[in-house]
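What follows is the content of run-v1.txt (compact mmCIF, C-alpha atoms).
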```txt
# COMPACT_ATOMS: atom_id res chain seq x y z
CA MET A 1 36.85 -22.24 2.05
CA LEU A 2 35.42 -18.71 2.25
CA LYS A 3 33.19 -17.92 5.21
CA PHE A 4 30.36 -15.44 4.73
CA LEU A 5 29.32 -12.51 6.89
CA GLY A 6 26.30 -11.94 4.64
CA THR A 7 24.90 -13.47 1.47
CA GLY A 8 22.11 -11.10 0.48
CA GLY A 9 21.45 -8.72 -2.36
CA ALA A 10 21.44 -4.99 -1.69
CA PHE A 11 17.91 -4.97 -0.23
CA ASN A 12 17.96 -8.34 1.53
CA THR A 13 18.38 -7.29 5.16
CA THR A 14 17.68 -10.82 6.40
CA ARG A 15 20.75 -12.27 4.76
CA GLY A 16 22.80 -9.08 5.11
CA ASN A 17 25.32 -7.48 2.78
CA ASN A 18 27.23 -9.96 0.64
CA SER A 19 30.72 -10.30 2.15
CA ALA A 20 33.14 -13.17 2.70
CA TYR A 21 36.41 -13.71 4.52
CA MET A 22 39.25 -16.13 5.01
CA GLU A 23 41.83 -16.35 7.79
CA PHE A 24 45.10 -17.49 6.27
CA ALA A 25 48.71 -17.50 7.50
CA GLY A 26 47.85 -15.20 10.40
CA GLU A 27 46.20 -12.63 8.13
CA LEU A 28 42.61 -11.70 7.36
CA PHE A 29 41.35 -11.60 3.78
CA LEU A 30 38.02 -9.83 3.39
CA PHE A 31 36.02 -9.75 0.15
CA ASP A 32 33.73 -6.69 0.07
CA ALA A 33 32.69 -4.60 3.04
CA GLY A 34 29.06 -3.48 2.89
CA GLU A 35 27.15 -1.33 5.39
CA ASP A 36 26.60 -4.02 8.03
CA VAL A 37 30.01 -5.71 7.77
CA PHE A 38 31.95 -3.69 10.36
CA SER A 39 29.66 -4.66 13.25
CA LYS A 40 29.94 -8.33 12.31
CA LEU A 41 33.75 -8.15 12.15
CA ILE A 42 33.71 -6.71 15.67
CA GLN A 43 31.26 -9.30 17.01
CA LEU A 44 33.40 -12.12 15.62
CA LYS A 45 36.66 -10.45 16.77
CA LEU A 46 38.07 -10.92 13.28
CA LEU A 47 40.16 -7.74 13.35
CA GLU A 48 42.07 -8.78 16.44
CA LYS A 49 45.59 -10.25 16.45
CA LYS A 50 46.01 -10.24 12.69
CA ALA A 51 49.46 -9.67 11.22
CA ARG A 52 47.75 -7.87 8.33
CA VAL A 53 44.23 -7.15 7.10
CA ASN A 54 43.70 -7.43 3.33
CA ILE A 55 40.45 -6.00 1.95
CA PHE A 56 39.45 -6.84 -1.64
CA ILE A 57 36.68 -4.73 -3.18
CA THR A 58 34.66 -5.73 -6.25
CA HIS A 59 32.88 -2.39 -6.83
CA LEU A 60 31.73 0.78 -5.11
CA HIS A 61 28.04 0.21 -4.45
CA SER A 62 27.38 0.90 -0.78
CA ASP A 63 26.27 -2.66 -0.02
CA HIS A 64 29.82 -3.70 -0.97
CA ILE A 65 31.87 -0.81 0.41
CA GLY A 66 29.69 0.93 3.01
CA SER A 67 31.80 -0.19 5.99
CA LEU A 68 35.22 0.27 4.40
CA GLY A 69 35.97 3.73 5.80
CA THR A 70 35.00 2.67 9.32
CA ILE A 71 37.05 -0.53 9.08
CA ILE A 72 40.15 1.40 7.97
CA ALA A 73 39.74 4.00 10.72
CA TYR A 74 39.23 1.31 13.36
CA LEU A 75 42.32 -0.59 12.25
CA TYR A 76 44.39 2.58 12.06
CA TYR A 77 43.46 3.99 15.45
CA LYS A 78 42.43 1.00 17.55
CA VAL A 79 44.43 -1.95 16.23
CA TYR A 80 47.68 -0.79 14.62
CA ASN A 81 48.38 2.38 16.65
CA GLN A 82 48.28 4.75 13.65
CA ASP A 83 50.55 2.53 11.56
CA ASN A 84 49.07 1.95 8.10
CA SER A 85 51.53 -0.70 6.94
CA ASN A 86 49.24 -3.63 7.71
CA ILE A 87 46.02 -2.09 6.38
CA CYS A 88 45.81 -3.13 2.72
CA VAL A 89 43.04 -2.35 0.24
CA TYR A 90 42.94 -3.97 -3.21
CA PHE A 91 40.92 -2.35 -5.99
CA PRO A 92 42.09 -1.46 -9.54
CA SER A 93 40.69 2.09 -9.65
CA GLU A 94 41.61 5.43 -8.09
CA ALA A 95 37.87 6.02 -7.66
CA ILE A 96 38.11 4.38 -4.26
CA VAL A 97 40.57 7.05 -3.11
CA ASP A 98 38.15 9.84 -3.96
CA LEU A 99 35.29 8.09 -2.21
CA LEU A 100 37.28 7.45 0.97
CA GLU A 101 38.64 11.01 1.07
CA LEU A 102 35.06 12.32 1.03
CA GLN A 103 34.51 10.18 4.14
CA GLY A 104 37.56 11.65 5.88
CA ILE A 105 39.82 8.64 5.22
CA PRO A 106 43.05 9.87 3.57
CA LYS A 107 45.50 7.59 1.74
CA THR A 108 47.92 7.93 4.67
CA MET A 109 45.65 5.61 6.68
CA TYR A 110 45.91 2.59 4.35
CA ASN A 111 47.86 1.05 1.49
CA LEU A 112 46.08 0.84 -1.86
CA PHE A 113 47.06 -1.79 -4.42
CA LEU A 114 45.78 -0.90 -7.89
CA ASN A 115 47.33 -3.89 -9.65
CA ARG A 116 45.02 -6.13 -11.69
CA TRP A 117 47.30 -9.06 -10.84
CA ASP A 118 49.93 -9.53 -8.18
CA GLU A 119 51.59 -11.89 -5.75
CA LEU A 120 51.03 -11.31 -2.07
CA TYR A 121 54.05 -11.55 0.17
CA ILE A 122 53.44 -13.27 3.50
CA PRO A 123 56.79 -13.70 5.29
CA THR A 124 55.86 -16.96 7.01
CA LEU A 125 55.15 -18.69 3.68
CA GLY A 126 58.59 -18.28 2.10
CA ARG A 127 58.85 -18.65 -1.67
CA LYS A 128 55.39 -20.09 -2.22
CA GLN A 129 52.99 -17.14 -2.15
CA PRO A 130 49.28 -16.63 -2.91
CA GLU A 131 48.25 -14.68 -6.00
CA TYR A 132 45.20 -12.66 -6.94
CA SER A 133 43.74 -11.33 -10.18
CA PHE A 134 40.97 -8.82 -10.94
CA PHE A 135 38.81 -9.33 -14.04
CA GLU A 136 36.63 -6.58 -15.49
CA THR A 137 33.01 -7.62 -15.39
CA GLU A 138 29.65 -6.31 -16.58
CA HIS A 139 27.30 -4.90 -13.97
CA THR A 140 26.05 -1.35 -14.50
CA LYS A 141 27.57 1.49 -16.51
CA ASN A 142 26.61 3.87 -13.70
CA LEU A 143 29.73 2.64 -11.87
CA ASP A 144 32.14 3.58 -14.65
CA TYR A 145 34.68 6.12 -13.42
CA LYS A 146 36.11 8.62 -15.89
CA GLY A 147 35.21 6.26 -18.73
CA ASN A 148 36.85 3.22 -17.15
CA CYS A 149 35.38 -0.03 -15.86
CA ASN A 150 34.81 0.05 -12.14
CA CYS A 151 33.47 -3.43 -11.41
CA TYR A 152 35.48 -6.63 -11.04
CA SER A 153 35.47 -10.32 -10.27
CA ILE A 154 38.36 -11.71 -8.22
CA GLU A 155 40.49 -14.82 -8.55
CA PHE A 156 42.51 -15.85 -5.50
CA MET A 157 44.81 -18.86 -5.42
CA TYR A 158 47.62 -20.46 -3.46
CA GLN A 159 49.85 -22.65 -5.64
CA ASN A 160 48.65 -26.25 -5.77
CA GLU A 161 46.69 -25.75 -2.55
CA PHE A 162 43.45 -23.95 -3.38
CA SER A 163 41.88 -21.62 -5.92
CA ILE A 164 38.67 -19.62 -5.69
CA PHE A 165 36.66 -17.30 -7.95
CA PHE A 166 34.52 -14.55 -6.40
CA SER A 167 32.21 -13.01 -8.99
CA GLY A 168 31.14 -9.86 -7.18
CA ASP A 169 28.08 -8.26 -8.79
CA THR A 170 27.83 -9.14 -12.47
CA ASN A 171 25.34 -10.04 -15.17
CA THR A 172 27.64 -12.66 -16.71
CA PHE A 173 28.99 -16.11 -15.96
CA HIS A 174 32.66 -15.50 -16.65
CA GLU A 175 34.16 -17.38 -19.60
CA LYS A 176 36.93 -18.77 -17.37
CA LEU A 177 34.28 -20.68 -15.43
CA GLN A 178 33.47 -22.86 -18.42
CA ASN A 179 36.39 -24.98 -17.22
CA ILE A 180 34.83 -25.83 -13.87
CA TYR A 181 38.00 -27.56 -12.66
CA MET A 182 40.06 -24.36 -12.73
CA TYR A 183 38.75 -23.56 -9.26
CA ASP A 184 38.06 -25.52 -6.10
CA GLN A 185 35.14 -23.23 -5.31
CA ILE A 186 33.28 -20.62 -7.37
CA TYR A 187 31.21 -17.97 -5.59
CA GLN A 188 28.64 -16.66 -8.06
CA GLU A 189 26.02 -13.97 -7.61
CA VAL A 190 22.55 -14.73 -8.96
CA THR A 191 19.01 -13.35 -8.97
CA MET A 192 15.60 -14.91 -9.53
CA VAL A 193 14.55 -11.89 -11.64
CA LYS A 194 14.24 -13.33 -15.15
CA GLU A 195 14.61 -10.01 -16.95
CA ALA A 196 17.61 -8.86 -14.87
CA THR A 197 20.19 -6.83 -16.78
CA VAL A 198 22.67 -5.86 -14.04
CA HIS A 199 22.66 -9.20 -12.22
CA LEU A 200 22.91 -12.79 -13.49
CA SER A 201 19.46 -14.35 -13.64
CA TYR A 202 19.05 -17.91 -12.42
CA ASP A 203 17.75 -18.91 -15.85
CA ARG A 204 20.91 -17.59 -17.53
CA LEU A 205 23.04 -19.39 -14.96
CA LEU A 206 21.27 -22.65 -15.79
CA GLU A 207 21.91 -22.07 -19.48
CA ALA A 208 25.59 -21.26 -18.88
CA THR A 209 26.06 -24.45 -16.84
CA LYS A 210 23.88 -26.84 -18.84
CA HIS A 211 26.98 -28.83 -19.85
CA LEU A 212 27.84 -29.52 -16.19
CA SER A 213 26.73 -32.50 -14.15
CA LYS A 214 25.07 -32.00 -10.76
CA GLU A 215 28.32 -32.93 -9.09
CA GLU A 216 30.23 -30.36 -11.11
CA ARG A 217 27.66 -27.69 -10.30
CA GLY A 218 28.43 -28.43 -6.66
CA ARG A 219 31.61 -26.37 -7.02
CA ILE A 220 29.43 -23.29 -7.50
CA TYR A 221 28.21 -21.48 -4.37
CA LEU A 222 25.41 -19.01 -5.01
CA MET A 223 25.48 -15.65 -3.20
CA HIS A 224 24.02 -12.11 -3.28
CA LEU A 225 20.57 -13.67 -3.08
CA ASP A 226 17.13 -12.06 -3.39
CA GLU A 227 14.61 -12.18 -0.56
CA ASP A 228 12.54 -14.69 -2.57
CA PHE A 229 15.42 -16.80 -3.86
CA ASP A 230 14.35 -20.43 -4.28
CA GLU A 231 17.07 -22.34 -2.44
CA GLU A 232 15.40 -25.73 -2.85
CA MET A 233 15.25 -25.39 -6.61
CA ALA A 234 18.91 -24.35 -6.78
CA ARG A 235 20.05 -27.20 -4.55
CA ASN A 236 18.06 -29.71 -6.58
CA ALA A 237 19.93 -28.49 -9.66
CA GLY A 238 23.22 -29.26 -7.90
CA PHE A 239 24.29 -25.79 -6.77
CA ASN A 240 25.48 -25.01 -3.27
CA ILE A 241 24.21 -21.99 -1.34
CA ALA A 242 26.66 -19.74 0.53
CA GLU A 243 25.76 -19.74 4.23
CA CYS A 244 26.54 -17.12 6.84
CA VAL A 245 28.63 -17.82 9.93
CA SER A 246 26.84 -17.64 13.27
CA LEU A 247 27.27 -14.41 15.20
```
Rewritten as structure tokens:
Amino acid sequence: MLKFLGTGGAFNTTRGNNSAYMEFAGELFLFDAGEDVFSKLIQLKLLEKKARVNIFITHLHSDHIGSLGTIIAYLYYKVYNQDNSNICVYFPSEAIVDLLELQGIPKTMYNLFLNRWDELYIPTLGRKQPEYSFFETEHTKNLDYKGNCNCYSIEFMYQNEFSIFFSGDTNTFHEKLQNIYMYDQIYQEVTMVKEATVHLSYDRLLEATKHLSKEERGRIYLMHLDEDFDEEMARNAGFNIAECVSL
């Protein structure tokens, strides 16, 4: 369902920055926008001929937001002729405004949606509209902004058609995922580091999913992978591995 521009952890340059997208109803939906994402969007011509570009951000580490300012500027000047109405950023914290302003990207160049939950309005779809939700998640306290959580997982669904869960960076397997059938596909970050505290270790993922069959684990696509991630072991346990599109 989601296609990936990169599936690596912050230091995995082979797999690239973890970022996914979906083309839906003439619009682009992008999940995270790390340092190397802009060039890939250009190579794949994903910013062309889109009625609207929707960018969902999980948190403000540079491997998840490093290209955002450039993407907004490109859309504003090169695609939409200095019209910001179709440049939409979704993130439940004003911290993103401060960060972008320091990069020379004022709020007049994009629309920010701070809502934790909302319904998107796509004119061609009529009454039946997709919905999204942000869920606070545990990653690192260094991201907290003015005492507030600044790291989220994202739920995105289109009524009776599809539903996905995108974990972002987290050290937990969200409680909602215990009901594996809530989502058609779950995109879950994981690390092979056993003692990891800011990411979800593979061992903890196995423990959290021990009640699932191999077939049920197949709904879970692993992402944000280390350089030494053992794909064969994960596949043998039933998990899928997020794969990058060809450039």
Next on the checklist: Which residues are near His61 (chain A)? Cut-off 9 Å, only C-alpha atoms, ignore same chain within fewer than 5 positions. Put them as a PyMOL selection string.
Outcome noted: chain A and resi 10+34+66+143
Item to check | Pick from A:Glu207, A:Asp118, A:Asp226, A:Asp144, whichever lies nearest to Thr172 (chain A) using all atoms listed in the file | outcome: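 Nearest candidate to Thr172 (chain A) out of A:Glu207, A:Asp118, A:Asp226, A:Asp144: A:Glu207.
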Next on the checklist: Report as a count of residues only all protein, DNA and RNA residues lying within 12 Å of Ala196 (chain A), evaluated on only C-alpha atoms, omitting residues in the same chain fewer than 3 positions from it.
Outcome noted: 17
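Minimum atom-to-atom distance to Phe113 (chain A), evaluated using all atoms listed in the file, belongs to A:Phe56 out of A:Tyr183, A:Phe166, A:Tyr152, A:Phe56.
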At a cut-off of 10 Å, using only C-alpha atoms, what residues contact Trp117 (chain A)? Leave out same-chain residues fewer than 3 positions from it and give the result as a PDB file with C-alpha atoms, in the coordinates of the input.
```pdb
ATOM      1  CA  PRO A  92      42.090  -1.460  -9.540  1.00  0.00           C
ATOM      2  CA  PHE A 113      47.060  -1.790  -4.420  1.00  0.00           C
ATOM      3  CA  LEU A 114      45.780  -0.900  -7.890  1.00  0.00           C
ATOM      4  CA  LEU A 120      51.030 -11.310  -2.070  1.00  0.00           C
ATOM      5  CA  GLU A 131      48.250 -14.680  -6.000  1.00  0.00           C
ATOM      6  CA  TYR A 132      45.200 -12.660  -6.940  1.00  0.00           C
ATOM      7  CA  SER A 133      43.740 -11.330 -10.180  1.00  0.00           C
ATOM      8  CA  PHE A 134      40.970  -8.820 -10.940  1.00  0.00           C
ATOM      9  CA  PHE A 135      38.810  -9.330 -14.040  1.00  0.00           C
ATOM     10  CA  ILE A 154      38.360 -11.710  -8.220  1.00  0.00           C
ATOM     11  CA  GLU A 155      40.490 -14.820  -8.550  1.00  0.00           C
ATOM     12  CA  PHE A 156      42.510 -15.850  -5.500  1.00  0.00           C
TER      13      PHE A 156
END
```
Next on the checklist: One number please: CA of Tyr158 (chain A) to CA of Ile65 (chain A), in Å, one decimal.
Outcome noted: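 Separating CA of Tyr158 (chain A) from CA of Ile65 (chain A) is a distance of 25.5 Å.
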Next on the checklist: For a cutoff of 9 Å around the file-coordinate point (15.0, -14.8, 3.5), which residues qualify once you count all atoms listed in the file? I'd like the result as a ChimeraX atom specification.
Outcome noted: /A:8,12-15,225-229
Checklist entry - Looking at A:Glu216, A:Glu136, A:Glu27, A:Glu243, which one is nearest to Gln178 (chain A), with distances taken over all atoms listed in the file? => result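 When distances to Gln178 (chain A) are compared using all atoms listed in the file, the smallest one comes from A:Glu216.
Compared by their closest atoms to His174 (chain A), and using all atoms listed in the file, the residues A:Leu60, A:Met1, A:Ala208, A:Leu75 rank with A:Ala208 nearest.
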Next on the checklist: Show me, as a PyMOL selection string, the residues that have an atom within 10 Å of Leu41 (chain A) when counting all atoms listed in the file, minus same-chain residues fewer than 5 positions from it.
Outcome noted: chain A and resi 5+21+30+33+36+46-48+71+247
Checklist entry - Hey, which of A:Leu212, A:Leu2, A:Val89, A:Leu177 ends up closest to Ile57 (chain A)? Count only C-alpha atoms. => result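 Closest candidate: A:Val89.
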Checklist entry - Quick one, how far is CA of Ile72 (chain A) from CA of Thr7 (chain A)? => result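 Separating CA of Ile72 (chain A) from CA of Thr7 (chain A) is a distance of 22.3 Å.
Here the question is which of A:Glu101, A:Glu23, A:Asp184, A:Glu232 gets nearest to Lys45 (chain A) using only C-alpha atoms, and that residue is A:Glu23.
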